[in-house]
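Text of model.pdb, listed as PDB, C-alpha atoms and all ligand atoms:
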ATOM      1  CA  MET A   1    -200.456-159.758 -11.139
ATOM      2  CA  GLN A   2    -204.146-159.199 -10.494
ATOM      3  CA  SER A   3    -206.017-162.503 -10.495
ATOM      4  CA  ASP A   4    -209.000-163.043 -12.802
ATOM      5  CA  LEU A   5    -211.220-163.244  -9.748
ATOM      6  CA  SER A   6    -210.057-159.942  -8.280
ATOM      7  CA  LYS A   7    -210.422-158.259 -11.703
ATOM      8  CA  HIS A   8    -213.970-159.551 -11.748
ATOM      9  CA  ALA A   9    -214.577-158.191  -8.228
ATOM     10  CA  SER A  10    -213.233-154.757  -9.276
ATOM     11  CA  THR A  11    -215.607-154.635 -12.224
ATOM     12  CA  ASN A  12    -218.504-155.404  -9.971
ATOM     13  CA  THR A  13    -217.499-152.804  -7.414
ATOM     14  CA  ALA A  14    -217.449-150.209 -10.187
ATOM     15  CA  SER A  15    -220.969-151.177 -11.257
ATOM     16  CA  SER A  16    -222.404-151.269  -7.724
ATOM     17  CA  THR A  17    -223.662-147.695  -7.918
ATOM     18  CA  ARG A  18    -225.668-148.549 -10.993
ATOM     19  CA  ILE A  19    -227.042-151.677  -9.310
ATOM     20  CA  ASN A  20    -228.115-149.756  -6.238
ATOM     21  CA  ASP A  21    -229.691-147.003  -8.334
ATOM     22  CA  GLN A  22    -232.261-149.522  -9.536
ATOM     23  CA  ILE A  23    -233.741-150.337  -6.116
ATOM     24  CA  ASP A  24    -235.987-148.086  -4.013
ATOM     25  CA  PHE A  25    -234.410-149.118  -0.712
ATOM     26  CA  PRO A  26    -236.608-147.026   1.636
ATOM     27  CA  GLU A  27    -239.792-148.389   0.034
ATOM     28  CA  CYS A  28    -238.461-151.961   0.121
ATOM     29  CA  ALA A  29    -237.510-151.501   3.805
ATOM     30  CA  ARG A  30    -240.966-150.075   4.618
ATOM     31  CA  GLU A  31    -242.699-153.079   3.034
ATOM     32  CA  LEU A  32    -240.445-155.557   4.857
ATOM     33  CA  ILE A  33    -240.957-153.882   8.225
ATOM     34  CA  HIS A  34    -244.718-153.770   7.694
ATOM     35  CA  SER A  35    -245.436-157.119   6.050
ATOM     36  CA  GLY A  36    -242.238-159.203   5.737
ATOM     37  CA  TRP A  37    -242.070-159.294   1.934
ATOM     38  CA  SER A  38    -241.281-156.961  -0.940
ATOM     39  CA  ILE A  39    -241.131-157.528  -4.709
ATOM     40  CA  ASN A  40    -238.510-155.475  -6.561
ATOM     41  CA  LYS A  41    -236.860-155.265  -9.948
ATOM     42  CA  LEU A  42    -233.751-157.394 -10.232
ATOM     43  CA  PRO A  43    -231.031-154.981 -11.421
ATOM     44  CA  ILE A  44    -230.202-155.531 -15.088
ATOM     45  CA  ALA A  45    -226.628-156.742 -14.503
ATOM     46  CA  LEU A  46    -227.956-159.339 -12.075
ATOM     47  CA  GLN A  47    -230.602-160.512 -14.522
ATOM     48  CA  ALA A  48    -227.790-161.423 -16.929
ATOM     49  CA  HIS A  49    -225.841-163.308 -14.244
ATOM     50  CA  PHE A  50    -229.006-165.079 -13.062
ATOM     51  CA  TRP A  51    -230.086-166.395 -16.451
ATOM     52  CA  ASP A  52    -226.483-167.266 -17.413
ATOM     53  CA  ALA A  53    -226.027-169.258 -14.217
ATOM     54  CA  LEU A  54    -229.226-171.209 -14.789
ATOM     55  CA  ASP A  55    -228.248-172.064 -18.380
ATOM     56  CA  LEU A  56    -224.715-173.049 -17.362
ATOM     57  CA  TYR A  57    -225.843-175.206 -14.444
ATOM     58  CA  ALA A  58    -227.217-177.717 -16.956
ATOM     59  CA  ASN A  59    -223.678-178.280 -18.281
ATOM     60  CA  VAL A  60    -222.067-179.130 -14.932
ATOM     61  CA  GLY A  61    -221.178-182.813 -14.925
ATOM     62  CA  SER A  62    -221.643-185.249 -12.080
ATOM     63  CA  ASP A  63    -217.865-185.672 -11.713
ATOM     64  CA  VAL A  64    -217.465-181.938 -11.072
ATOM     65  CA  LYS A  65    -220.390-181.989  -8.642
ATOM     66  CA  SER A  66    -218.715-184.800  -6.695
ATOM     67  CA  GLU A  67    -215.328-183.092  -6.602
ATOM     68  CA  PHE A  68    -216.539-179.594  -5.700
ATOM     69  CA  SER A  69    -218.656-180.654  -2.727
ATOM     70  CA  PHE A  70    -217.985-179.529   0.841
ATOM     71  CA  PRO A  71    -220.973-180.575   2.955
ATOM     72  CA  ASP A  72    -219.197-179.757   6.237
ATOM     73  CA  HIS A  73    -219.097-176.116   5.116
ATOM     74  CA  THR A  74    -222.550-176.131   3.403
ATOM     75  CA  ASP A  75    -220.525-175.216   0.320
ATOM     76  CA  GLY A  76    -220.346-176.351  -3.301
ATOM     77  CA  PHE A  77    -222.628-179.008  -4.787
ATOM     78  CA  LEU A  78    -224.671-180.731  -2.126
ATOM     79  CA  PRO A  79    -226.489-183.978  -2.797
ATOM     80  CA  PHE A  80    -230.208-184.353  -3.358
ATOM     81  CA  GLY A  81    -232.109-184.883  -0.115
ATOM     82  CA  MET A  82    -229.430-183.526   2.247
ATOM     83  CA  GLU A  83    -231.443-180.516   3.334
ATOM     84  CA  TYR A  84    -234.850-180.528   4.965
ATOM     85  CA  ALA A  85    -237.265-177.933   6.294
ATOM     86  CA  LYS A  86    -237.336-179.027   9.940
ATOM     87  CA  ALA A  87    -238.874-182.495   9.185
ATOM     88  CA  THR A  88    -236.043-184.993   8.616
ATOM     89  CA  HIS A  89    -238.376-187.564   7.027
ATOM     90  CA  GLN A  90    -239.407-185.089   4.302
ATOM     91  CA  PRO A  91    -236.200-183.749   2.706
ATOM     92  CA  ASP A  92    -236.284-180.894   0.207
ATOM     93  CA  LEU A  93    -236.655-182.502  -3.201
ATOM     94  CA  CYS A  94    -233.851-180.579  -4.853
ATOM     95  CA  GLU A  95    -230.111-180.472  -5.489
ATOM     96  CA  ARG A  96    -228.202-177.490  -4.106
ATOM     97  CA  TYR A  97    -225.191-175.468  -5.090
ATOM     98  CA  CYS A  98    -223.968-173.113  -2.358
ATOM     99  CA  TYR A  99    -221.420-170.335  -2.765
ATOM    100  CA  TRP A 100    -219.840-168.298   0.036
ATOM    101  CA  HIS A 101    -217.896-165.166  -0.849
ATOM    102  CA  LYS A 102    -215.655-165.743   2.195
ATOM    103  CA  ASP A 103    -214.523-169.107   0.751
ATOM    104  CA  ARG A 104    -213.476-167.878  -2.707
ATOM    105  CA  ARG A 105    -209.750-168.211  -1.971
ATOM    106  CA  ARG A 106    -210.214-171.851  -0.951
ATOM    107  CA  HIS A 107    -212.189-172.422  -4.159
ATOM    108  CA  GLU A 108    -209.254-171.215  -6.282
ATOM    109  CA  ALA A 109    -207.464-174.507  -5.589
ATOM    110  CA  HIS A 110    -210.095-176.211  -7.742
ATOM    111  CA  ALA A 111    -210.255-176.005 -11.543
ATOM    112  CA  PHE A 112    -214.027-175.549 -11.267
ATOM    113  CA  SER A 113    -213.455-172.009  -9.945
ATOM    114  CA  GLY A 114    -212.415-171.043 -13.489
ATOM    115  CA  SER A 115    -215.650-172.301 -15.037
ATOM    116  CA  GLU A 116    -218.271-170.030 -16.565
ATOM    117  CA  PHE A 117    -220.905-171.273 -14.126
ATOM    118  CA  TYR A 118    -218.748-170.449 -11.090
ATOM    119  CA  ARG A 119    -218.072-166.967 -12.472
ATOM    120  CA  ALA A 120    -221.737-166.312 -13.212
ATOM    121  CA  ILE A 121    -222.601-167.157  -9.599
ATOM    122  CA  CYS A 122    -219.702-164.932  -8.383
ATOM    123  CA  GLY A 123    -221.082-162.074 -10.454
ATOM    124  CA  TYR A 124    -224.575-162.603  -9.079
ATOM    125  CA  GLU A 125    -223.300-162.757  -5.491
ATOM    126  CA  SER A 126    -221.288-159.584  -5.929
ATOM    127  CA  GLY A 127    -224.344-157.620  -7.041
ATOM    128  CA  ILE A 128    -226.980-159.183  -4.824
ATOM    129  CA  SER A 129    -224.809-158.641  -1.721
ATOM    130  CA  GLU A 130    -224.793-154.910  -2.570
ATOM    131  CA  VAL A 131    -228.575-154.992  -2.868
ATOM    132  CA  ALA A 132    -228.938-156.841   0.438
ATOM    133  CA  GLN A 133    -226.629-154.427   2.243
ATOM    134  CA  GLY A 134    -228.641-151.498   0.865
ATOM    135  CA  VAL A 135    -231.931-153.001   2.044
ATOM    136  CA  LEU A 136    -230.518-153.762   5.478
ATOM    137  CA  ASP A 137    -228.966-150.305   5.839
ATOM    138  CA  SER A 138    -232.376-148.802   5.036
ATOM    139  CA  ILE A 139    -234.090-150.988   7.622
ATOM    140  CA  CYS A 140    -231.474-149.954  10.217
ATOM    141  CA  GLY A 141    -232.142-146.335   9.230
ATOM    142  CA  PHE A 142    -235.818-146.726  10.132
ATOM    143  CA  PHE A 143    -234.771-147.829  13.612
ATOM    144  CA  ASN A 144    -232.080-145.134  13.914
ATOM    145  CA  VAL A 145    -229.415-147.819  14.216
ATOM    146  CA  SER A 146    -226.187-146.164  13.170
ATOM    147  CA  ASP A 147    -223.852-149.150  13.626
ATOM    148  CA  PRO A 148    -223.883-150.945  10.232
ATOM    149  CA  VAL A 149    -224.736-154.644  10.183
ATOM    150  CA  ASP A 150    -222.198-156.161   7.775
ATOM    151  CA  ILE A 151    -223.331-159.209   5.878
ATOM    152  CA  ARG A 152    -221.153-160.164   2.892
ATOM    153  CA  ASN A 153    -218.622-162.453   4.580
ATOM    154  CA  SER A 154    -221.287-164.335   6.511
ATOM    155  CA  SER A 155    -223.976-164.672   3.813
ATOM    156  CA  TYR A 156    -224.251-167.160   0.975
ATOM    157  CA  ILE A 157    -225.880-168.047  -2.306
ATOM    158  CA  GLN A 158    -227.928-171.202  -2.715
ATOM    159  CA  LEU A 159    -229.055-172.440  -6.111
ATOM    160  CA  CYS A 160    -231.904-174.947  -5.767
ATOM    161  CA  ALA A 161    -232.514-177.314  -8.684
ATOM    162  CA  TYR A 162    -235.851-179.120  -8.632
ATOM    163  CA  HIS A 163    -235.632-181.683 -11.426
ATOM    164  CA  LYS A 164    -238.567-183.227 -13.279
ATOM    165  CA  PRO A 165    -238.051-186.658 -11.736
ATOM    166  CA  PRO A 166    -238.469-187.785  -9.105
ATOM    167  CA  ARG A 167    -241.965-186.514  -8.419
ATOM    168  CA  ARG A 168    -243.616-187.488  -5.164
ATOM    169  CA  PRO A 169    -247.432-187.620  -5.295
ATOM    170  CA  ASP A 170    -247.484-187.803  -1.489
ATOM    171  CA  ARG A 171    -245.916-184.353  -1.070
ATOM    172  CA  GLU A 172    -247.882-181.090  -1.137
ATOM    173  CA  TYR A 173    -244.608-179.190  -1.191
ATOM    174  CA  LEU A 174    -241.188-179.875  -2.707
ATOM    175  CA  GLN A 175    -239.862-177.793   0.192
ATOM    176  CA  ASN A 176    -242.100-177.723   3.232
ATOM    177  CA  ARG A 177    -243.363-174.553   4.897
ATOM    178  CA  HIS A 178    -240.621-172.909   6.948
ATOM    179  CA  GLU A 179    -238.857-169.639   7.630
ATOM    180  CA  ASP A 180    -235.161-169.344   6.888
ATOM    181  CA  GLY A 181    -233.902-168.113  10.268
ATOM    182  CA  HIS A 182    -231.732-165.398   8.715
ATOM    183  CA  LEU A 183    -232.084-161.625   8.383
ATOM    184  CA  LEU A 184    -233.393-161.644   4.816
ATOM    185  CA  SER A 185    -233.698-164.035   1.886
ATOM    186  CA  ILE A 186    -233.647-162.693  -1.662
ATOM    187  CA  ILE A 187    -235.259-165.188  -4.009
ATOM    188  CA  LYS A 188    -235.424-165.389  -7.780
ATOM    189  CA  GLY A 189    -236.778-168.462  -9.596
ATOM    190  CA  ASN A 190    -237.245-169.297 -13.250
ATOM    191  CA  ARG A 191    -240.912-170.185 -12.795
ATOM    192  CA  ASP A 192    -243.756-170.048 -10.277
ATOM    193  CA  GLY A 193    -243.724-172.399  -7.317
ATOM    194  CA  LEU A 194    -242.881-170.196  -4.337
ATOM    195  CA  VAL A 195    -245.687-169.501  -1.877
ATOM    196  CA  ILE A 196    -245.492-167.217   1.149
ATOM    197  CA  PHE A 197    -247.774-166.952   4.197
ATOM    198  CA  PRO A 198    -248.254-163.273   5.127
ATOM    199  CA  ARG A 199    -250.308-163.157   8.341
ATOM    200  CA  GLY A 200    -250.732-166.922   7.941
ATOM    201  CA  GLU A 201    -252.616-166.693   4.612
ATOM    202  CA  ARG A 202    -251.126-168.647   1.689
ATOM    203  CA  LEU A 203    -250.153-166.392  -1.211
ATOM    204  CA  VAL A 204    -248.744-167.595  -4.546
ATOM    205  CA  VAL A 205    -245.739-165.466  -5.544
ATOM    206  CA  ARG A 206    -245.821-164.415  -9.182
ATOM    207  CA  LEU A 207    -242.638-162.747 -10.372
ATOM    208  CA  ALA A 208    -241.979-161.261 -13.797
ATOM    209  CA  ASP A 209    -238.743-162.348 -15.505
ATOM    210  CA  ASP A 210    -237.039-159.201 -14.197
ATOM    211  CA  GLU A 211    -238.324-159.324 -10.612
ATOM    212  CA  MET A 212    -237.106-160.809  -7.307
ATOM    213  CA  ILE A 213    -238.739-161.127  -3.911
ATOM    214  CA  VAL A 214    -237.157-160.164  -0.588
ATOM    215  CA  ILE A 215    -238.552-161.856   2.526
ATOM    216  CA  THR A 216    -237.673-161.513   6.188
ATOM    217  CA  GLY A 217    -236.277-164.111   8.597
ATOM    218  CA  SER A 218    -236.486-164.569  12.345
ATOM    219  CA  LEU A 219    -233.025-163.090  13.054
ATOM    220  CA  LEU A 220    -234.463-159.767  11.880
ATOM    221  CA  THR A 221    -237.554-160.316  14.034
ATOM    222  CA  LEU A 222    -235.257-160.854  17.015
ATOM    223  CA  LEU A 223    -233.088-157.830  16.226
ATOM    224  CA  SER A 224    -236.158-155.612  15.836
ATOM    225  CA  ASP A 225    -237.744-156.638  19.171
ATOM    226  CA  ASN A 226    -240.482-158.477  17.224
ATOM    227  CA  ARG A 227    -241.416-155.338  15.273
ATOM    228  CA  ILE A 228    -240.607-157.016  11.907
ATOM    229  CA  PRO A 229    -242.489-160.259  11.155
ATOM    230  CA  TYR A 230    -240.652-163.228   9.682
ATOM    231  CA  MET A 231    -242.032-164.799   6.543
ATOM    232  CA  ASP A 232    -242.954-168.462   6.232
ATOM    233  CA  HIS A 233    -242.685-169.842   2.709
ATOM    234  CA  ALA A 234    -242.713-173.130   0.777
ATOM    235  CA  VAL A 235    -242.186-174.523  -2.739
ATOM    236  CA  THR A 236    -245.236-176.194  -4.259
ATOM    237  CA  ASN A 237    -245.254-179.608  -5.877
ATOM    238  CA  PRO A 238    -246.692-178.880  -9.345
ATOM    239  CA  CYS A 239    -249.335-181.126 -10.930
ATOM    240  CA  VAL A 240    -247.349-181.274 -14.170
ATOM    241  CA  PRO A 241    -243.719-182.424 -13.849
ATOM    242  CA  VAL A 242    -241.616-179.362 -14.627
ATOM    243  CA  ALA A 243    -238.086-178.490 -13.591
ATOM    244  CA  ARG A 244    -237.599-175.386 -11.456
ATOM    245  CA  LEU A 245    -234.399-173.524 -10.656
ATOM    246  CA  SER A 246    -234.048-170.735  -8.132
ATOM    247  CA  ILE A 247    -231.214-168.721  -6.655
ATOM    248  CA  VAL A 248    -231.563-167.555  -3.064
ATOM    249  CA  TYR A 249    -229.262-165.157  -1.259
ATOM    250  CA  PHE A 250    -229.319-165.891   2.463
ATOM    251  CA  VAL A 251    -228.490-162.699   4.339
ATOM    252  CA  ILE A 252    -226.735-163.442   7.619
ATOM    253  CA  PRO A 253    -225.117-160.853   9.897
ATOM    254  CA  ASP A 254    -221.438-160.843  10.776
ATOM    255  CA  LEU A 255    -221.510-163.311  13.660
ATOM    256  CA  THR A 256    -218.089-162.332  15.024
ATOM    257  CA  ARG A 257    -219.492-159.264  16.799
ATOM    258  CA  LYS A 258    -222.091-158.640  19.503
ATOM    259  CA  TYR A 259    -225.545-157.197  18.868
ATOM    260  CA  THR A 260    -228.215-155.455  20.874
ATOM    261  CA  SER A 261    -231.824-155.248  19.707
ATOM    262  CA  PHE A 262    -232.896-152.208  17.658
ATOM    263  CA  MET A 263    -235.465-150.702  20.041
ATOM    264  CA  ASN A 264    -234.993-152.119  23.543
ATOM    265  CA  CYS A 265    -231.192-152.452  23.322
ATOM    266  CA  LYS A 266    -231.445-155.992  24.676
ATOM    267  CA  GLN A 267    -228.221-158.074  24.547
ATOM    268  CA  LEU A 268    -228.670-160.806  21.930
ATOM    269  CA  ASP A 269    -226.856-164.083  21.341
ATOM    270  CA  LEU A 270    -227.277-164.125  17.554
ATOM    271  CA  VAL A 271    -224.645-166.838  17.089
ATOM    272  CA  ALA A 272    -226.635-169.364  19.107
ATOM    273  CA  VAL A 273    -229.911-168.514  17.374
ATOM    274  CA  ALA A 274    -228.376-168.508  13.885
ATOM    275  CA  ASN A 275    -226.612-171.831  14.505
ATOM    276  CA  GLU A 276    -229.794-173.440  15.775
ATOM    277  CA  SER A 277    -231.709-172.388  12.645
ATOM    278  CA  HIS A 278    -228.934-173.476  10.295
ATOM    279  CA  GLN A 279    -228.667-176.890  11.962
ATOM    280  CA  ALA A 280    -232.451-177.357  11.811
ATOM    281  CA  PHE A 281    -232.057-177.625   8.012
ATOM    282  CA  GLY A 282    -229.422-180.366   8.333
ATOM    283  CA  ASN A 283    -226.387-178.060   8.056
ATOM    284  CA  ASN A 284    -223.378-177.779  10.326
ATOM    285  CA  PRO A 285    -223.407-174.732  12.622
ATOM    286  CA  PHE A 286    -221.986-171.502  11.187
ATOM    287  CA  SER A 287    -219.369-171.336  13.916
ATOM    288  CA  ALA A 288    -218.005-174.785  12.956
ATOM    289  CA  ALA A 289    -217.702-173.808   9.267
ATOM    290  CA  ALA A 290    -215.937-170.482   9.869
TER
HETATM  291 FE    FE A 301    -236.469-171.035   2.602
END
Could you render the structure as structure tokens?
Ligand SMILES: [Fe+2]
Amino acid sequence: MQSDLSKHASTNTASSTRINDQIDFPECARELIHSGWSINKLPIALQAHFWDALDLYANVGSDVKSEFSFPDHTDGFLPFGMEYAKATHQPDLCERYCYWHKDRRRHEAHAFSGSEFYRAICGYESGISEVAQGVLDSICGFFNVSDPVDIRNSSYIQLCAYHKPPRRPDREYLQNRHEDGHLLSIIKGNRDGLVIFPRGERLVVRLADDEMIVITGSLLTLLSDNRIPYMDHAVTNPCVPVARLSIVYFVIPDLTRKYTSFMNCKQLDLVAVANESHQAFGNNPFSAAA
């Protein structure tokens, strides 16, 4: 019998064409190659999953968060203060929920995998991974790279929940300035707070309810022989205490294969670089969590 989860996956596969029809991939790729950021419409199906997930997150109890928590794998609900942007003494002031498509079978052993929240995140991941693959394929097209860079089984979702308390008057940012060290990050929040630093200049990101931002990471800079800039970003500490929720899709290449750079065909050790970045945020290396 087909499991609920695989039925869900089939539905999303069927709708992927419609999702991809709503993104101008070549234009998005051009903007990322040129400046490291691109604002796009969030496909309608993903808007529904996004807002559902944010509503449902409020109903997840602390007992569930404790049970469905796998810090060694950077998976599930991860405690406040566990992650930091390079500076260990200034942790990110948020809770996290991480979801890896590759781990969905392991999740099925837990009752939480049948919850509405879990399914909303699954639906979002299914669609946003299609978007990410489309963007990356377009970027590869610009460099005449014919070998596809697969991402779905190595990438993951991270929901960041910045609560009203505790506020820290000593912090300019709830998440300090950093770059993610991946290929791309696709970010959608429920309110302002994200700032980016194109060419080093601070820019406040303002997204409409139906928009998302795609930014580049240093793995893409490395792959493109430094042709594509990586994008520093941060989350501001607002003057008025307001909660903020965001969902980020971290786009990471399949690390089980070898890569050469797009233009100079230089041999690259992406595993070592990706692990170093991931560990710099307080996570275990990707290779240990495989
Ligand atoms: Fe980030």
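Contacts with ligand FE 301 (chain A) are defined as any residue atom within 8 Å of a ligand atom, using all atoms listed in the file; the residues meeting this criterion are Ala85, Gln175, His178, Glu179, Asp180, Ser185, Asp232, His233 and Ala234 of chain A.
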Produce a file of the selected residues containing C-alpha atoms, as a compact mmCIF listing (two decimals), in the frame of the given file.
# COMPACT_ATOMS: atom_id res chain seq x y z
CA ALA A 85 -237.26 -177.93 6.29
CA GLN A 175 -239.86 -177.79 0.19
CA HIS A 178 -240.62 -172.91 6.95
CA GLU A 179 -238.86 -169.64 7.63
CA ASP A 180 -235.16 -169.34 6.89
CA SER A 185 -233.70 -164.04 1.89
CA ASP A 232 -242.95 -168.46 6.23
CA HIS A 233 -242.68 -169.84 2.71
CA ALA A 234 -242.71 -173.13 0.78
All residues 10 Å or closer to A:Tyr124, only C-alpha atoms, same chain fewer than 4 positions away omitted, as a tab-separated table (two decimals) with C-alpha atoms, keeping the file's coordinate frame:
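Once written, around05.tsv looks like this:
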chain	number	residue	atom	x	y	z
A	12	ASN	CA	-218.50	-155.40	-9.97
A	45	ALA	CA	-226.63	-156.74	-14.50
A	46	LEU	CA	-227.96	-159.34	-12.08
A	47	GLN	CA	-230.60	-160.51	-14.52
A	48	ALA	CA	-227.79	-161.42	-16.93
A	49	HIS	CA	-225.84	-163.31	-14.24
A	50	PHE	CA	-229.01	-165.08	-13.06
A	51	TRP	CA	-230.09	-166.40	-16.45
A	52	ASP	CA	-226.48	-167.27	-17.41
A	53	ALA	CA	-226.03	-169.26	-14.22
A	118	TYR	CA	-218.75	-170.45	-11.09
A	119	ARG	CA	-218.07	-166.97	-12.47
A	120	ALA	CA	-221.74	-166.31	-13.21
A	128	ILE	CA	-226.98	-159.18	-4.82
A	129	SER	CA	-224.81	-158.64	-1.72
A	157	ILE	CA	-225.88	-168.05	-2.31
A	247	ILE	CA	-231.21	-168.72	-6.66
A	249	TYR	CA	-229.26	-165.16	-1.26
Using all atoms listed in the file, list the residues that have an atom at most 8 Å from (-223.1, -179.1, -2.1), coordinates as in the file, as JSON, numbers by chain.
{"A": [65, 68, 69, 70, 71, 74, 75, 76, 77, 78, 79, 95, 96, 97, 98]}
Deliver the residues from the most recent selection as a file, using C-alpha atoms, as a compact mmCIF listing (two decimals), in the frame of the given file.
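In the end it all went to out17.txt:
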# COMPACT_ATOMS: atom_id res chain seq x y z
CA LYS A 65 -220.39 -181.99 -8.64
CA PHE A 68 -216.54 -179.59 -5.70
CA SER A 69 -218.66 -180.65 -2.73
CA PHE A 70 -217.98 -179.53 0.84
CA PRO A 71 -220.97 -180.58 2.96
CA THR A 74 -222.55 -176.13 3.40
CA ASP A 75 -220.52 -175.22 0.32
CA GLY A 76 -220.35 -176.35 -3.30
CA PHE A 77 -222.63 -179.01 -4.79
CA LEU A 78 -224.67 -180.73 -2.13
CA PRO A 79 -226.49 -183.98 -2.80
CA GLU A 95 -230.11 -180.47 -5.49
CA ARG A 96 -228.20 -177.49 -4.11
CA TYR A 97 -225.19 -175.47 -5.09
CA CYS A 98 -223.97 -173.11 -2.36
Could you give me, as a Markdown table, every stretch 132-192 of chain A residue with an atom at most 12 Å from stretch 270-276 of chain A, plus its closest atom pair and distance in Å to one decimal, counting all atoms listed in the file, rows ordered by chain then number?
| residue | atom | partner | partner_atom | distance |
| --- | --- | --- | --- | --- |
| A:Ser154 | CA | A:Ala274 | CA | 11.0 |
| A:Ser155 | CA | A:Ala274 | CA | 11.6 |
| A:Asp180 | CA | A:Ala274 | CA | 9.8 |
| A:Gly181 | CA | A:Ala274 | CA | 6.6 |
| A:His182 | CA | A:Ala274 | CA | 6.9 |
| A:Leu183 | CA | A:Ala274 | CA | 9.6 |
**Report entry** Who sits within 7 Å of A:Met212, all atoms listed in the file, same chain under 4 positions skipped, as a ChimeraX atom specification
**Finding:** /A:39-42,186-188,207
Just C-alpha atoms for this one: save the residues we selected as an mmCIF file, keeping the file's coordinate frame.
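Once written, result_3.cif looks like this:
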data_model
loop_
_atom_site.group_PDB
_atom_site.id
_atom_site.type_symbol
_atom_site.label_atom_id
_atom_site.label_comp_id
_atom_site.auth_asym_id
_atom_site.auth_seq_id
_atom_site.Cartn_x
_atom_site.Cartn_y
_atom_site.Cartn_z
ATOM 1 C CA ILE A 39 -241.131 -157.528 -4.709
ATOM 2 C CA ASN A 40 -238.510 -155.475 -6.561
ATOM 3 C CA LYS A 41 -236.860 -155.265 -9.948
ATOM 4 C CA LEU A 42 -233.751 -157.394 -10.232
ATOM 5 C CA ILE A 186 -233.647 -162.693 -1.662
ATOM 6 C CA ILE A 187 -235.259 -165.188 -4.009
ATOM 7 C CA LYS A 188 -235.424 -165.389 -7.780
ATOM 8 C CA LEU A 207 -242.638 -162.747 -10.372
#
**OP:** Pick out the closest residue to A:Val242 from this set: A:Ser35, A:Ser62, A:Gln267, A:Asn190. Count all atoms listed in the file.
**Re:**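 When distances to A:Val242 are compared using all atoms listed in the file, the smallest one comes from A:Asn190.
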A straight line from atom CA of A:Arg105 to atom CA of A:Lys258 spans 26.6 Å
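Among A:Glu172, A:Asp21, A:Asp72, A:Asp192, the residue with the shortest atom-to-atom distance to A:Gly134, counting all atoms listed in the file, is A:Asp21.
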Can you list, as a PDB file with C-alpha atoms, in the coordinates of the input, every protein, DNA or RNA residue that comes within 12 Å of A:Arg227 when you count only C-alpha atoms, leaving out same-chain residues fewer than 2 positions away?
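The result, stored in selection.pdb:
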ATOM      1  CA  ARG A  30    -240.966-150.075   4.618  1.00  0.00           C
ATOM      2  CA  LEU A  32    -240.445-155.557   4.857  1.00  0.00           C
ATOM      3  CA  ILE A  33    -240.957-153.882   8.225  1.00  0.00           C
ATOM      4  CA  HIS A  34    -244.718-153.770   7.694  1.00  0.00           C
ATOM      5  CA  SER A  35    -245.436-157.119   6.050  1.00  0.00           C
ATOM      6  CA  GLY A  36    -242.238-159.203   5.737  1.00  0.00           C
ATOM      7  CA  ILE A 139    -234.090-150.988   7.622  1.00  0.00           C
ATOM      8  CA  PHE A 142    -235.818-146.726  10.132  1.00  0.00           C
ATOM      9  CA  PHE A 143    -234.771-147.829  13.612  1.00  0.00           C
ATOM     10  CA  THR A 216    -237.673-161.513   6.188  1.00  0.00           C
ATOM     11  CA  SER A 218    -236.486-164.569  12.345  1.00  0.00           C
ATOM     12  CA  LEU A 219    -233.025-163.090  13.054  1.00  0.00           C
ATOM     13  CA  LEU A 220    -234.463-159.767  11.880  1.00  0.00           C
ATOM     14  CA  THR A 221    -237.554-160.316  14.034  1.00  0.00           C
ATOM     15  CA  LEU A 222    -235.257-160.854  17.015  1.00  0.00           C
ATOM     16  CA  LEU A 223    -233.088-157.830  16.226  1.00  0.00           C
ATOM     17  CA  SER A 224    -236.158-155.612  15.836  1.00  0.00           C
ATOM     18  CA  ASP A 225    -237.744-156.638  19.171  1.00  0.00           C
ATOM     19  CA  PRO A 229    -242.489-160.259  11.155  1.00  0.00           C
ATOM     20  CA  TYR A 230    -240.652-163.228   9.682  1.00  0.00           C
ATOM     21  CA  SER A 261    -231.824-155.248  19.707  1.00  0.00           C
ATOM     22  CA  PHE A 262    -232.896-152.208  17.658  1.00  0.00           C
ATOM     23  CA  MET A 263    -235.465-150.702  20.041  1.00  0.00           C
ATOM     24  CA  ASN A 264    -234.993-152.119  23.543  1.00  0.00           C
TER      25      ASN A 264
END
Report task. Would you write out, as a PyMOL selection string, every residue that the PyMOL selection byres (((chain A and resi 246) around 9) and not hetatm) captures in this file? Result -> chain A and resi 54+158-162+187-191+244-245+247-248
| said: Need to verify the contact set: A:Ile19, 8 Å, all atoms listed in the file, exclusion of same-chain residues closer than 4 positions in sequence. Can you return it as a list of chain:residue names? | reply: A:Ser15, A:Ile23, A:Pro43, A:Ile44, A:Ala45, A:Gly127, A:Glu130, A:Val131
